[in-house]
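File shown: input-v8.cif (mmCIF, C-alpha atoms (C1' of nucleotides)).
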data_run
#
loop_
_atom_site.label_atom_id
_atom_site.label_comp_id
_atom_site.auth_asym_id
_atom_site.auth_seq_id
_atom_site.Cartn_x
_atom_site.Cartn_y
_atom_site.Cartn_z
CA MET A 906 226.73 220.75 -46.43
CA PRO A 907 227.52 217.16 -47.43
CA SER A 908 226.72 216.99 -51.09
CA ALA A 909 223.66 214.84 -51.83
CA CYS A 910 221.78 214.79 -55.13
CA PRO A 911 218.14 213.70 -55.28
CA ASN A 912 218.11 212.91 -59.01
CA PRO A 913 218.68 209.32 -60.11
CA ALA A 914 221.72 208.59 -62.28
CA PRO A 915 222.62 205.72 -64.63
CA SER A 916 223.85 202.54 -62.99
CA ILE A 917 226.83 200.31 -63.79
CA ASP A 918 226.11 196.92 -65.30
CA LYS A 919 229.64 195.58 -65.58
CA VAL A 920 232.34 197.01 -63.34
CA ASN A 921 235.41 198.30 -65.14
CA THR A 922 238.43 197.04 -63.19
CA GLU A 923 241.03 197.81 -65.84
CA TYR A 924 243.07 200.29 -63.84
CA VAL A 925 243.45 198.45 -60.52
CA GLU A 926 244.19 195.24 -62.40
CA SER A 927 247.11 196.97 -64.08
CA LEU A 928 248.89 197.19 -60.71
CA VAL A 929 251.22 194.42 -59.51
CA GLY A 930 250.44 195.28 -55.90
CA TYR A 931 246.70 194.87 -56.39
CA ASN A 932 247.05 191.55 -58.19
CA ALA A 933 249.60 190.16 -55.73
CA ARG A 934 247.37 191.05 -52.81
CA ARG A 935 244.28 189.50 -54.41
CA ALA A 936 246.14 186.32 -55.32
CA ALA A 937 247.67 186.04 -51.86
CA LEU A 938 244.27 186.50 -50.17
CA VAL A 939 242.69 183.78 -52.31
CA ILE A 940 245.42 181.29 -51.45
CA ILE A 941 245.42 182.30 -47.78
CA GLU A 942 241.67 181.72 -47.60
CA GLN A 943 242.13 178.16 -48.83
CA PHE A 944 245.10 177.79 -46.52
CA LEU A 945 243.00 178.74 -43.48
CA GLN A 946 240.41 176.12 -44.35
CA ARG A 947 242.78 173.26 -45.08
CA MET A 948 245.28 173.97 -42.29
CA ALA A 949 242.65 174.47 -39.61
CA ALA A 950 242.99 170.72 -39.04
CA TYR A 951 246.51 171.39 -37.74
CA ASP A 952 245.49 174.63 -36.00
CA LEU A 953 248.08 176.47 -38.06
CA ARG A 954 247.55 179.82 -39.71
CA PRO A 955 249.89 181.11 -42.43
CA VAL A 956 252.44 182.84 -40.21
CA GLU A 957 252.38 180.04 -37.63
CA PHE A 958 252.98 177.51 -40.37
CA SER A 959 255.90 179.53 -41.74
CA VAL A 960 257.44 179.88 -38.29
CA LEU A 961 257.08 176.20 -37.43
CA SER A 962 258.39 175.15 -40.84
CA LEU A 963 261.45 177.36 -40.48
CA ILE A 964 262.13 175.93 -37.02
CA GLY A 965 261.78 172.43 -38.46
CA HIS A 966 264.25 173.15 -41.24
CA ASN A 967 266.55 175.23 -39.03
CA PRO A 968 266.92 173.61 -35.60
CA GLY A 969 268.46 176.15 -33.24
CA ILE A 970 267.14 179.21 -35.08
CA THR A 971 266.52 182.21 -32.81
CA SER A 972 263.44 184.39 -32.49
CA ARG A 973 265.47 187.26 -33.89
CA GLN A 974 266.33 185.25 -37.00
CA LEU A 975 262.70 184.24 -37.45
CA CYS A 976 261.57 187.85 -37.20
CA ALA A 977 264.17 189.04 -39.70
CA THR A 978 263.40 186.23 -42.14
CA LEU A 979 259.62 186.60 -42.05
CA SER A 980 259.37 190.36 -41.41
CA ILE A 981 257.40 189.93 -38.21
CA LEU A 982 257.88 191.93 -35.03
CA PRO A 983 259.38 190.32 -31.92
CA PRO A 984 256.41 191.04 -29.63
CA ASN A 985 254.11 189.22 -32.02
CA LEU A 986 256.27 186.11 -31.97
CA VAL A 987 256.54 185.58 -28.21
CA GLY A 988 253.07 184.17 -27.64
CA MET A 989 253.30 181.97 -30.72
CA ILE A 990 256.54 180.33 -29.61
CA ASN A 991 255.19 179.86 -26.09
CA GLN A 992 252.14 178.10 -27.50
CA PHE A 993 254.34 175.82 -29.60
CA GLU A 994 256.38 175.03 -26.50
CA LYS A 995 253.24 174.41 -24.47
CA HIS A 996 251.95 171.99 -27.12
CA GLY A 997 255.23 170.07 -27.14
CA LEU A 998 256.24 171.16 -30.62
CA VAL A 999 259.23 173.35 -29.80
CA ILE A 1000 261.99 173.14 -27.20
CA LYS A 1001 264.09 176.10 -26.15
CA ARG A 1002 267.80 175.51 -25.64
CA PRO A 1003 270.54 177.99 -24.76
CA HIS A 1004 272.43 179.58 -27.62
CA PRO A 1005 276.01 178.23 -27.65
CA SER A 1006 277.75 181.61 -27.75
CA ASP A 1007 275.16 184.32 -27.02
CA GLY A 1008 273.64 184.29 -23.55
CA ARG A 1009 270.87 186.63 -24.63
CA ALA A 1010 269.58 184.41 -27.40
CA THR A 1011 267.55 181.20 -27.27
CA GLY A 1012 267.73 178.43 -29.83
CA LEU A 1013 264.40 176.98 -30.96
CA HIS A 1014 264.33 173.27 -31.70
CA PRO A 1015 261.62 171.05 -33.20
CA THR A 1016 260.44 168.02 -31.21
CA PRO A 1017 259.68 164.69 -32.90
CA ALA A 1018 256.01 165.66 -32.63
CA CYS A 1019 256.81 168.86 -34.52
CA GLU A 1020 258.60 166.96 -37.24
CA ALA A 1021 255.68 164.56 -37.59
CA LEU A 1022 253.22 167.44 -37.75
CA LEU A 1023 255.31 169.26 -40.34
CA ARG A 1024 255.49 166.18 -42.58
CA GLU A 1025 251.68 166.18 -42.72
CA ALA A 1026 251.17 169.94 -42.81
CA GLU A 1027 253.77 170.56 -45.50
CA LYS A 1028 252.23 167.82 -47.62
CA THR A 1029 248.81 169.43 -47.22
CA ALA A 1030 250.28 172.85 -48.03
CA LEU A 1031 251.73 171.54 -51.28
CA GLU A 1032 248.39 169.96 -52.16
CA LEU A 1033 246.43 173.15 -51.66
CA GLU A 1034 249.10 175.08 -53.52
CA ASN A 1035 248.63 172.83 -56.50
CA GLU A 1036 244.88 173.23 -56.27
CA ALA A 1037 245.08 177.01 -55.93
CA THR A 1038 247.42 177.23 -58.92
CA ALA A 1039 245.68 174.54 -60.94
CA ARG A 1040 245.20 176.94 -63.85
CA LEU A 1041 248.96 177.40 -64.09
CA SER A 1042 251.30 175.00 -65.86
CA ALA A 1043 254.34 173.75 -63.97
CA ALA A 1044 256.49 176.16 -65.95
CA GLU A 1045 254.16 179.07 -65.26
CA ARG A 1046 254.14 178.27 -61.55
CA LYS A 1047 257.91 178.28 -61.51
CA THR A 1048 258.01 181.57 -63.42
CA LEU A 1049 255.47 183.14 -61.08
CA ILE A 1050 257.56 182.31 -58.02
CA ARG A 1051 260.73 183.56 -59.69
CA LEU A 1052 259.13 186.91 -60.57
CA LEU A 1053 257.56 187.34 -57.13
CA LYS A 1054 260.97 186.80 -55.52
CA LYS A 1055 262.43 189.53 -57.71
CA VAL A 1056 259.90 191.90 -56.18
CA TYR A 1057 260.46 191.26 -52.47
CA LEU A 1058 263.97 189.80 -52.18
CA MET B 81 256.13 169.66 -17.76
CA PRO B 82 256.97 172.04 -20.59
CA SER B 83 260.08 170.58 -22.16
CA ALA B 84 263.15 172.71 -21.57
CA CYS B 85 266.74 171.59 -22.12
CA PRO B 86 269.60 173.24 -20.25
CA ASN B 87 272.32 172.10 -22.67
CA PRO B 88 273.41 174.49 -25.42
CA ALA B 89 272.92 173.42 -29.03
CA PRO B 90 274.47 174.55 -32.33
CA SER B 91 273.15 177.77 -33.81
CA ILE B 92 272.08 178.63 -37.35
CA ASP B 93 274.32 180.93 -39.35
CA LYS B 94 272.29 181.18 -42.54
CA VAL B 95 268.58 180.46 -42.44
CA ASN B 96 267.35 177.84 -44.90
CA THR B 97 264.17 179.21 -46.47
CA GLU B 98 263.98 176.73 -49.30
CA TYR B 99 260.67 175.15 -48.38
CA VAL B 100 258.53 178.24 -47.70
CA GLU B 101 259.95 179.91 -50.79
CA SER B 102 258.67 177.02 -52.87
CA LEU B 103 255.09 178.08 -52.12
CA VAL B 104 253.23 180.52 -54.36
CA GLY B 105 251.14 181.69 -51.40
CA TYR B 106 254.19 182.58 -49.34
CA ASN B 107 255.86 184.47 -52.18
CA ALA B 108 252.68 186.29 -53.22
CA ARG B 109 252.09 187.43 -49.65
CA ARG B 110 255.66 188.63 -49.18
CA ALA B 111 255.64 190.51 -52.48
CA ALA B 112 252.27 192.09 -51.72
CA LEU B 113 253.44 193.21 -48.27
CA VAL B 114 256.57 194.85 -49.68
CA ILE B 115 254.57 196.80 -52.25
CA ILE B 116 251.88 197.72 -49.72
CA GLU B 117 254.52 199.08 -47.35
CA GLN B 118 255.78 201.41 -50.06
CA PHE B 119 252.20 202.22 -50.98
CA LEU B 120 251.43 203.31 -47.41
CA GLN B 121 254.39 205.66 -47.39
CA ARG B 122 253.81 207.24 -50.78
CA MET B 123 250.02 207.47 -50.60
CA ALA B 124 249.96 208.88 -47.07
CA ALA B 125 250.11 212.28 -48.79
CA TYR B 126 246.62 211.59 -50.14
CA ASP B 127 245.46 209.89 -46.92
CA LEU B 128 244.63 206.79 -48.93
CA ARG B 129 245.41 203.25 -47.87
CA PRO B 130 245.34 200.37 -50.36
CA VAL B 131 241.67 199.44 -49.99
CA GLU B 132 240.57 203.07 -49.88
CA PHE B 133 242.53 203.77 -53.04
CA SER B 134 240.98 200.78 -54.79
CA VAL B 135 237.48 201.84 -53.76
CA LEU B 136 237.95 205.45 -54.82
CA SER B 137 239.57 204.42 -58.09
CA LEU B 138 236.68 202.08 -58.91
CA ILE B 139 234.17 204.84 -58.14
CA GLY B 140 236.13 207.19 -60.40
CA HIS B 141 236.13 204.71 -63.27
CA ASN B 142 232.57 203.54 -62.60
CA PRO B 143 230.32 206.49 -61.74
CA GLY B 144 227.12 205.16 -60.25
CA ILE B 145 228.64 201.95 -58.89
CA THR B 146 226.90 200.65 -55.77
CA SER B 147 228.37 199.57 -52.45
CA ARG B 148 227.28 196.05 -53.22
CA GLN B 149 229.23 196.05 -56.49
CA LEU B 150 232.29 197.45 -54.76
CA CYS B 151 232.13 194.73 -52.12
CA ALA B 152 231.76 191.98 -54.71
CA THR B 153 234.56 193.34 -56.87
CA LEU B 154 237.08 193.88 -54.09
CA SER B 155 236.02 191.04 -51.76
CA ILE B 156 235.32 193.34 -48.85
CA LEU B 157 232.39 193.10 -46.46
CA PRO B 158 229.57 195.67 -46.53
CA PRO B 159 229.93 196.78 -42.88
CA ASN B 160 233.57 197.64 -43.51
CA LEU B 161 232.68 199.85 -46.45
CA VAL B 162 230.06 202.08 -44.82
CA GLY B 163 232.43 204.26 -42.82
CA MET B 164 234.82 204.57 -45.74
CA ILE B 165 232.14 205.86 -48.11
CA ASN B 166 230.80 208.24 -45.48
CA GLN B 167 234.29 209.70 -45.05
CA PHE B 168 234.64 210.15 -48.79
CA GLU B 169 231.27 211.90 -48.86
CA LYS B 170 232.25 214.06 -45.90
CA HIS B 171 235.46 215.09 -47.65
CA GLY B 172 233.58 216.03 -50.81
CA LEU B 173 235.01 213.21 -52.90
CA VAL B 174 231.87 211.13 -53.42
CA ILE B 175 228.22 211.99 -53.96
CA LYS B 176 225.38 209.55 -53.38
CA ARG B 177 222.56 209.54 -55.91
CA PRO B 178 219.50 207.30 -56.10
CA HIS B 179 219.78 204.16 -58.18
CA PRO B 180 217.59 204.54 -61.30
CA SER B 181 215.72 201.26 -60.90
CA ASP B 182 216.47 199.85 -57.42
CA GLY B 183 215.20 201.89 -54.50
CA ARG B 184 217.35 199.94 -52.08
CA ALA B 185 220.63 200.74 -53.78
CA THR B 186 222.63 203.96 -53.89
CA GLY B 187 224.84 205.03 -56.77
CA LEU B 188 228.24 206.42 -55.83
CA HIS B 189 229.59 209.22 -57.99
CA PRO B 190 232.99 210.95 -58.05
CA THR B 191 233.11 214.72 -57.62
CA PRO B 192 235.49 216.89 -59.64
CA ALA B 193 237.69 216.97 -56.53
CA CYS B 194 237.72 213.17 -56.56
CA GLU B 195 238.71 213.09 -60.21
CA ALA B 196 241.52 215.56 -59.58
CA LEU B 197 242.74 213.55 -56.59
CA LEU B 198 242.64 210.32 -58.59
CA ARG B 199 244.68 211.80 -61.40
CA GLU B 200 247.46 212.54 -58.92
CA ALA B 201 247.06 209.41 -56.81
CA GLU B 202 246.94 207.03 -59.77
CA LYS B 203 250.04 208.66 -61.21
CA THR B 204 251.82 208.20 -57.90
CA ALA B 205 250.63 204.60 -57.70
CA LEU B 206 252.08 203.84 -61.11
CA GLU B 207 255.35 205.47 -60.11
CA LEU B 208 255.73 203.41 -56.98
CA GLU B 209 254.70 200.30 -58.87
CA ASN B 210 257.52 200.88 -61.31
CA GLU B 211 259.94 201.45 -58.42
CA ALA B 212 258.76 198.36 -56.57
CA THR B 213 259.09 196.24 -59.69
CA ALA B 214 262.25 197.92 -60.96
CA ARG B 215 264.04 194.58 -61.09
CA LEU B 216 261.47 193.26 -63.56
CA SER B 217 261.52 193.98 -67.28
CA ALA B 218 258.36 195.32 -68.89
CA ALA B 219 257.68 191.86 -70.30
CA GLU B 220 258.23 190.20 -66.91
CA ARG B 221 255.91 192.67 -65.22
CA LYS B 222 253.22 191.88 -67.76
CA THR B 223 253.76 188.16 -67.31
CA LEU B 224 253.64 188.47 -63.52
CA ILE B 225 250.27 190.23 -63.65
CA ARG B 226 248.90 187.68 -66.10
CA LEU B 227 249.92 184.75 -63.90
CA LEU B 228 248.60 186.37 -60.72
CA LYS B 229 245.23 186.89 -62.39
CA LYS B 230 245.11 183.21 -63.28
CA VAL B 231 245.37 182.46 -59.56
CA TYR B 232 242.59 184.67 -58.21
CA LEU B 233 240.22 185.30 -61.13
"C1'" DT C 421 211.57 185.46 -49.10
"C1'" DA C 422 215.80 187.76 -50.74
"C1'" DT C 423 218.71 191.82 -51.11
"C1'" DT C 424 220.79 196.69 -50.08
"C1'" DG C 425 222.55 199.28 -46.78
"C1'" DT C 426 223.33 200.01 -42.00
"C1'" DT C 427 224.65 199.61 -36.85
"C1'" DA C 428 226.99 197.57 -33.23
"C1'" DT C 429 230.34 194.60 -31.86
"C1'" DA C 430 233.97 191.05 -31.63
"C1'" DC C 431 238.00 189.09 -33.25
"C1'" DT C 432 242.51 188.89 -35.50
"C1'" DC C 433 246.60 190.91 -36.96
"C1'" DT C 434 250.05 194.23 -36.59
"C1'" DA C 435 252.53 198.20 -34.38
"C1'" DT C 436 254.63 201.00 -30.45
"C1'" DA C 437 256.79 201.91 -25.88
"C1'" DA C 438 259.21 200.41 -22.21
"C1'" DC C 439 261.59 197.02 -19.53
"C1'" DT C 440 265.48 192.99 -18.30
"C1'" DA C 441 269.33 190.67 -19.13
"C1'" DT C 442 273.39 190.05 -21.76
"C1'" DA C 443 276.93 191.56 -25.30
"C1'" DT D 525 275.88 201.59 -26.11
"C1'" DA D 526 273.59 197.99 -28.67
"C1'" DT D 527 271.00 193.69 -29.00
"C1'" DA D 528 267.68 189.45 -27.68
"C1'" DG D 529 263.75 188.61 -25.60
"C1'" DT D 530 259.69 190.00 -23.10
"C1'" DT D 531 255.40 192.61 -21.41
"C1'" DA D 532 251.63 195.52 -21.94
"C1'" DT D 533 248.93 198.02 -24.85
"C1'" DA D 534 247.17 200.47 -28.85
"C1'" DG D 535 245.69 200.52 -33.44
"C1'" DA D 536 244.26 198.79 -37.98
"C1'" DG D 537 241.92 195.37 -40.50
"C1'" DT D 538 238.44 192.01 -40.88
"C1'" DA D 539 234.38 189.18 -39.37
"C1'" DT D 540 229.56 188.12 -37.41
"C1'" DA D 541 224.72 189.18 -35.95
"C1'" DA D 542 220.85 191.71 -36.29
"C1'" DC D 543 218.03 195.40 -38.14
"C1'" DA D 544 215.08 198.66 -41.54
"C1'" DA D 545 213.80 199.52 -46.20
"C1'" DT D 546 212.93 197.83 -50.64
"C1'" DA D 547 212.61 194.10 -54.28
#
If you convert what's in this file into structure tokens, what do you get?
Amino acid sequence: MPSACPNPAPSIDKVNTEYVESLVGYNARRAALVIIEQFLQRMAAYDLRPVEFSVLSLIGHNPGITSRQLCATLSILPPNLVGMINQFEKHGLVIKRPHPSDGRATGLHPTPACEALLREAEKTALELENEATARLSAAERKTLIRLLKKVYL
Amino acid sequence: MPSACPNPAPSIDKVNTEYVESLVGYNARRAALVIIEQFLQRMAAYDLRPVEFSVLSLIGHNPGITSRQLCATLSILPPNLVGMINQFEKHGLVIKRPHPSDGRATGLHPTPACEALLREAEKTALELENEATARLSAAERKTLIRLLKKVYL
DNA sequence: TATTGTTATACTCTATAACTATA
DNA sequence: TATAGTTATAGAGTATAACAATA
């Protein structure tokens, strides 16, 4: 018998969020989701979502990086990277070249088009970052990043 | 002609992550994912995932809260809450009672079993929080939460 | 007309198992 | 035997559209 009660009960006017807001995990997730939401809007112009942007940026700053290295760096699973890389290659943003010493691996290299796209996209990313963290001072922003790194690195 | 180059190219020994790590969004997401991973492991004993835990905790601290208020507070969509609440009701954790003044709304109330579960689950959540943020001092942890709130509130 | 709660459904993201080619 | 990359697929999480009941 699923418990149901027919009698009305007092309602809540202001929600008490004290407990959940005392958790780092809760706050980090909420903050990340807010920034990601703005990211999706602003970066739609480049057809780049957060993970795709991170992958392309890492390739741009690390020509010759392998899929394995990307997966390890970003904590993504290999099967979920294959299609992304193929799309980048199809759109002329990434070129695959043989790894110099490991015949199993493939080096991923940015094309000039990739580098041009990244110049714009990374500029936009910094802009939206500054907007999303507008209520933080430069020092606070630096502190926030330092403390977040101490959690996940 | 999808650009492929047959000539080997130098490989990357150490990945340069400088740019992505300069973004608050990237760091917040990575930190949140690390904590959530630990959360999933530790809270599996209670069969509670992060959102379910947040919902149940808010009901426990706000007897009579409505689905609408939960959705607004946690930024989740009403259709994705229905099944969750029904499961809680089915497991004897939540009771629905009529809203005192709004015939459309339903007040959600914790059962004694819910309160007992929350005492254990919230204790476990605090433990894993302290483990996940073990590299932070108490002051740093407080600062981190304060700065994260300034981003999303 | 707007809002609460609901159903059905689609889409995205992430996870697992199994395979090949090479080390 | 272990690893890099791939394929196919399953699952979880999230989003949209439309509806009934009430305000």
*Please return, as a ChimeraX atom specification, all residues of chain B lying within 9 Å of chain D when all atoms listed in the file are considered.*
/B:156-157,160,182-185
How close does each residue of chain C get to chain A, giving the shortest atom pair and distance in Å to one decimal for every residue with an atom at most 9 Å away, counting all atoms listed in the file, sorted by chain and residue number, as CSV?
residue,atom,partner,partner_atom,distance
C:DT434,C1',A:Asn985,CA,7.9
C:DA435,C1',A:Leu982,CA,8.3
C:DA441,C1',A:Arg1009,CA,7.0
C:DT442,C1',A:Arg1009,CA,5.1
C:DA443,C1',A:Asp1007,CA,7.6
Just the residues within 12 Å of stretch 200-217 of chain B, please, counting all atoms listed in the file, with nothing from its chain fewer than 3 positions along; format it as a PDB file with C-alpha atoms, in the frame of the given file.
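The resulting file, part.pdb, is reproduced below:
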ATOM      1  CA  TYR A 924     243.070 200.290 -63.840  1.00  0.00           C
ATOM      2  CA  VAL A 925     243.450 198.450 -60.520  1.00  0.00           C
ATOM      3  CA  GLU A 926     244.190 195.240 -62.400  1.00  0.00           C
ATOM      4  CA  SER A 927     247.110 196.970 -64.080  1.00  0.00           C
ATOM      5  CA  LEU A 928     248.890 197.190 -60.710  1.00  0.00           C
ATOM      6  CA  VAL A 929     251.220 194.420 -59.510  1.00  0.00           C
ATOM      7  CA  GLY A 930     250.440 195.280 -55.900  1.00  0.00           C
ATOM      8  CA  TYR A 931     246.700 194.870 -56.390  1.00  0.00           C
ATOM      9  CA  ASN A 932     247.050 191.550 -58.190  1.00  0.00           C
ATOM     10  CA  ALA A 933     249.600 190.160 -55.730  1.00  0.00           C
ATOM     11  CA  ARG A1051     260.730 183.560 -59.690  1.00  0.00           C
ATOM     12  CA  LEU A1052     259.130 186.910 -60.570  1.00  0.00           C
ATOM     13  CA  LEU A1053     257.560 187.340 -57.130  1.00  0.00           C
ATOM     14  CA  LYS A1054     260.970 186.800 -55.520  1.00  0.00           C
ATOM     15  CA  LYS A1055     262.430 189.530 -57.710  1.00  0.00           C
ATOM     16  CA  VAL A1056     259.900 191.900 -56.180  1.00  0.00           C
ATOM     17  CA  TYR A1057     260.460 191.260 -52.470  1.00  0.00           C
ATOM     18  CA  LEU A1058     263.970 189.800 -52.180  1.00  0.00           C
TER      19      LEU A1058
ATOM     20  CA  ALA B 111     255.640 190.510 -52.480  1.00  0.00           C
ATOM     21  CA  ALA B 112     252.270 192.090 -51.720  1.00  0.00           C
ATOM     22  CA  LEU B 113     253.440 193.210 -48.270  1.00  0.00           C
ATOM     23  CA  VAL B 114     256.570 194.850 -49.680  1.00  0.00           C
ATOM     24  CA  ILE B 115     254.570 196.800 -52.250  1.00  0.00           C
ATOM     25  CA  ILE B 116     251.880 197.720 -49.720  1.00  0.00           C
ATOM     26  CA  GLU B 117     254.520 199.080 -47.350  1.00  0.00           C
ATOM     27  CA  GLN B 118     255.780 201.410 -50.060  1.00  0.00           C
ATOM     28  CA  PHE B 119     252.200 202.220 -50.980  1.00  0.00           C
ATOM     29  CA  LEU B 120     251.430 203.310 -47.410  1.00  0.00           C
ATOM     30  CA  GLN B 121     254.390 205.660 -47.390  1.00  0.00           C
ATOM     31  CA  ARG B 122     253.810 207.240 -50.780  1.00  0.00           C
ATOM     32  CA  MET B 123     250.020 207.470 -50.600  1.00  0.00           C
ATOM     33  CA  ALA B 124     249.960 208.880 -47.070  1.00  0.00           C
ATOM     34  CA  ALA B 125     250.110 212.280 -48.790  1.00  0.00           C
ATOM     35  CA  TYR B 126     246.620 211.590 -50.140  1.00  0.00           C
ATOM     36  CA  ASP B 127     245.460 209.890 -46.920  1.00  0.00           C
ATOM     37  CA  LEU B 128     244.630 206.790 -48.930  1.00  0.00           C
ATOM     38  CA  ARG B 129     245.410 203.250 -47.870  1.00  0.00           C
ATOM     39  CA  PRO B 130     245.340 200.370 -50.360  1.00  0.00           C
ATOM     40  CA  GLU B 132     240.570 203.070 -49.880  1.00  0.00           C
ATOM     41  CA  PHE B 133     242.530 203.770 -53.040  1.00  0.00           C
ATOM     42  CA  SER B 134     240.980 200.780 -54.790  1.00  0.00           C
ATOM     43  CA  LEU B 136     237.950 205.450 -54.820  1.00  0.00           C
ATOM     44  CA  SER B 137     239.570 204.420 -58.090  1.00  0.00           C
ATOM     45  CA  LEU B 138     236.680 202.080 -58.910  1.00  0.00           C
ATOM     46  CA  GLY B 140     236.130 207.190 -60.400  1.00  0.00           C
ATOM     47  CA  HIS B 141     236.130 204.710 -63.270  1.00  0.00           C
ATOM     48  CA  ALA B 193     237.690 216.970 -56.530  1.00  0.00           C
ATOM     49  CA  CYS B 194     237.720 213.170 -56.560  1.00  0.00           C
ATOM     50  CA  GLU B 195     238.710 213.090 -60.210  1.00  0.00           C
ATOM     51  CA  ALA B 196     241.520 215.560 -59.580  1.00  0.00           C
ATOM     52  CA  LEU B 197     242.740 213.550 -56.590  1.00  0.00           C
ATOM     53  CA  GLU B 220     258.230 190.200 -66.910  1.00  0.00           C
ATOM     54  CA  ARG B 221     255.910 192.670 -65.220  1.00  0.00           C
ATOM     55  CA  LYS B 222     253.220 191.880 -67.760  1.00  0.00           C
ATOM     56  CA  THR B 223     253.760 188.160 -67.310  1.00  0.00           C
ATOM     57  CA  LEU B 224     253.640 188.470 -63.520  1.00  0.00           C
ATOM     58  CA  ILE B 225     250.270 190.230 -63.650  1.00  0.00           C
TER      59      ILE B 225
END
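Of the residues listed (B:Val135, B:Pro178, B:Leu154, B:Val162), B:Pro178 shows the shortest atom-to-atom separation from chain A; distances use all atoms listed in the file.
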*Expressed in Å to a single decimal, how great is the separation between atom CA of A:Gln974 and atom CA of B:Cys85?*
20.2 Å
*Please, what distance in Å, to one decimal, runs between atom C1' of C:DC433 and atom CA of A:Asn991?*
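Atom-to-atom, atom C1' of C:DC433 and atom CA of A:Asn991 are spaced 17.7 Å apart.
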*asked:* One decimal, in Å: what's the spacing between atom CA of B:Leu173 and atom CA of B:Pro192?
replied: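 That distance, rounded to one decimal, is 7.7 Å.
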*Selected residue, from A:Lys919, A:Lys995, A:Ile964, A:Ala1044, that lies nearest to chain B when counting only C-alpha atoms*: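 Closest to chain B of all the choices is A:Lys995.
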Requested file, stretch 971-987 of chain A restricted to N, CA and C atoms, as a CSV table (one decimal), in the first residue's frame:
chain,number,residue,atom,x,y,z
A,971,THR,N,48.3,11.6,-29.4
A,971,THR,CA,47.5,10.4,-29.8
A,971,THR,C,46.2,10.4,-29.1
A,972,SER,N,45.3,9.6,-29.6
A,972,SER,CA,44.0,9.4,-29.0
A,972,SER,C,44.1,9.0,-27.6
A,973,ARG,N,45.0,8.0,-27.4
A,973,ARG,CA,45.2,7.5,-26.0
A,973,ARG,C,45.6,8.6,-25.1
A,974,GLN,N,46.5,9.5,-25.5
A,974,GLN,CA,46.9,10.6,-24.6
A,974,GLN,C,45.7,11.6,-24.4
A,975,LEU,N,44.9,11.8,-25.4
A,975,LEU,CA,43.7,12.7,-25.2
A,975,LEU,C,42.8,12.0,-24.2
A,976,CYS,N,42.5,10.8,-24.3
A,976,CYS,CA,41.6,10.1,-23.4
A,976,CYS,C,42.1,10.1,-22.0
A,977,ALA,N,43.4,9.9,-21.8
A,977,ALA,CA,44.0,9.9,-20.4
A,977,ALA,C,44.0,11.3,-19.8
A,978,THR,N,44.2,12.3,-20.7
A,978,THR,CA,44.3,13.7,-20.2
A,978,THR,C,42.9,14.2,-19.8
A,979,LEU,N,41.9,13.9,-20.6
A,979,LEU,CA,40.5,14.4,-20.4
A,979,LEU,C,39.6,13.4,-19.7
A,980,SER,N,40.1,12.2,-19.4
A,980,SER,CA,39.2,11.2,-18.7
A,980,SER,C,38.0,10.9,-19.6
A,981,ILE,N,38.2,10.7,-20.9
A,981,ILE,CA,37.2,10.2,-21.7
A,981,ILE,C,37.5,8.8,-22.3
A,982,LEU,N,36.5,8.1,-22.7
A,982,LEU,CA,36.8,6.7,-23.1
A,982,LEU,C,37.0,6.7,-24.6
A,983,PRO,N,38.0,5.8,-25.0
A,983,PRO,CA,38.4,5.7,-26.4
A,983,PRO,C,37.2,5.6,-27.4
A,984,PRO,N,36.2,4.7,-27.1
A,984,PRO,CA,35.1,4.6,-28.1
A,984,PRO,C,34.4,5.9,-28.3
A,985,ASN,N,34.4,6.8,-27.3
A,985,ASN,CA,33.7,8.0,-27.5
A,985,ASN,C,34.5,9.1,-28.1
A,986,LEU,N,35.7,8.8,-28.5
A,986,LEU,CA,36.6,9.8,-29.1
A,986,LEU,C,36.7,9.5,-30.6
A,987,VAL,N,36.5,8.3,-31.0
A,987,VAL,CA,36.6,7.9,-32.4
A,987,VAL,C,35.8,8.8,-33.4
